[in-house]
Each structure stands twice: as C-alpha cells, then as structure tokens.
Amino acid sequence: MSEELKICPFCGGKSQVIKGYRVNIKRPFYRAFCVSCQSRQFTRHRTRKASITAWNTRAGEKA
C-alpha cells in the first residue's frame, strides 16, 4: 500500500492521504490533500488506493 502520490498540481507541494470518518455513520473515507497549499479532493473515497488513483490522474497526461 505504498503507491506514490504525485506532487500537488497547483503549487508543486508534497501531498498525502488522510483518513476521516463521516459524521453519524462512522464509516471511514480517504482524501488526498496538499500539505503546502491545503488543496484537497472534493470527493471522499472508500479506499486509500482509490484516493491515490484519483489524485494521480491528471487531464492531458497519458496513463
């Protein structure tokens, strides 16, 4: 589970994935964000891997 996160697409800062819990449901979610500019994913993902994949997907880049 050590898939590498790309740098922030906005400022080039370091990114990381955080784990949180939905209020009143107590089901975990994952969201990537930038440590420098605090840019974050709008979507909450059910798995860490899904969050990393979404963060690393950039428009105009080949897979």
# chains A, B, ... in the order shown; residues from 1 in each chain; ligands from 1

call {"tool": "residues_around", "arguments": {"residues": "Pro28 (chain A)", "least_positions_apart": "3", "cutoff": "9 Å", "atoms": "only C-alpha atoms", "output": "MDAnalysis selection string"}}
result
chainID A and resid 19:22 25 45:47

call {"tool": "write_last_selection", "arguments": {"atoms": "N, CA and C atoms", "output": "compact mmCIF listing (two decimals), in the first residue's frame"}}
result
# COMPACT_ATOMS: atom_id res chain seq x y z
N LYS A 19 -7.19 9.97 6.52
CA LYS A 19 -8.34 9.11 6.78
C LYS A 19 -9.28 9.86 7.71
N GLY A 20 -10.55 9.89 7.37
CA GLY A 20 -11.54 10.55 8.20
C GLY A 20 -12.76 9.67 8.37
N TYR A 21 -13.74 10.16 9.10
CA TYR A 21 -14.97 9.40 9.32
C TYR A 21 -16.16 10.30 9.06
N ARG A 22 -17.16 9.76 8.38
CA ARG A 22 -18.38 10.50 8.11
C ARG A 22 -19.17 10.65 9.41
N ILE A 25 -22.27 8.22 10.71
CA ILE A 25 -22.23 6.94 10.01
C ILE A 25 -21.06 6.10 10.50
N HIS A 45 -13.26 9.14 -0.85
CA HIS A 45 -13.13 7.81 -1.43
C HIS A 45 -13.21 6.74 -0.35
N ARG A 46 -13.74 5.58 -0.73
CA ARG A 46 -13.90 4.49 0.24
C ARG A 46 -12.59 3.79 0.57
N THR A 47 -11.63 3.84 -0.37
CA THR A 47 -10.34 3.19 -0.12
C THR A 47 -9.20 4.16 -0.34

call {"tool": "select_by_dssp", "arguments": {"residues": "chain A", "states": "strand (DSSP E)", "output": "PyMOL selection string"}}
result
chain A and resi 15-21+28-34

call {"tool": "residues_around", "arguments": {"residues": "region 11-16 of chain A", "least_positions_apart": "5", "cutoff": "6 Å", "atoms": "only C-alpha atoms", "output": "compact mmCIF listing (two decimals) with N, CA and C atoms, in the first residue's frame"}}
result
# COMPACT_ATOMS: atom_id res chain seq x y z
N ALA A 32 -7.03 12.80 -0.49
CA ALA A 32 -5.67 13.31 -0.67
C ALA A 32 -5.70 14.83 -0.58
N PHE A 33 -4.62 15.39 -0.07
CA PHE A 33 -4.52 16.84 0.01
C PHE A 33 -3.06 17.28 -0.04
N CYS A 34 -2.86 18.56 -0.30
CA CYS A 34 -1.53 19.15 -0.36
C CYS A 34 -1.18 19.74 1.00
N VAL A 35 -0.02 19.40 1.50
CA VAL A 35 0.44 19.90 2.78
C VAL A 35 0.75 21.41 2.70
N SER A 36 1.19 21.88 1.54
CA SER A 36 1.60 23.28 1.39
C SER A 36 0.41 24.24 1.22

call {"tool": "atom_distance", "arguments": {"atom1": "CA of Cys37 (chain A)", "atom2": "CA of Ser51 (chain A)"}}
result
18.2 Å

call {"tool": "atom_distance", "arguments": {"atom1": "CA of Trp55 (chain A)", "atom2": "CA of Gln41 (chain A)"}}
result
7.4 Å
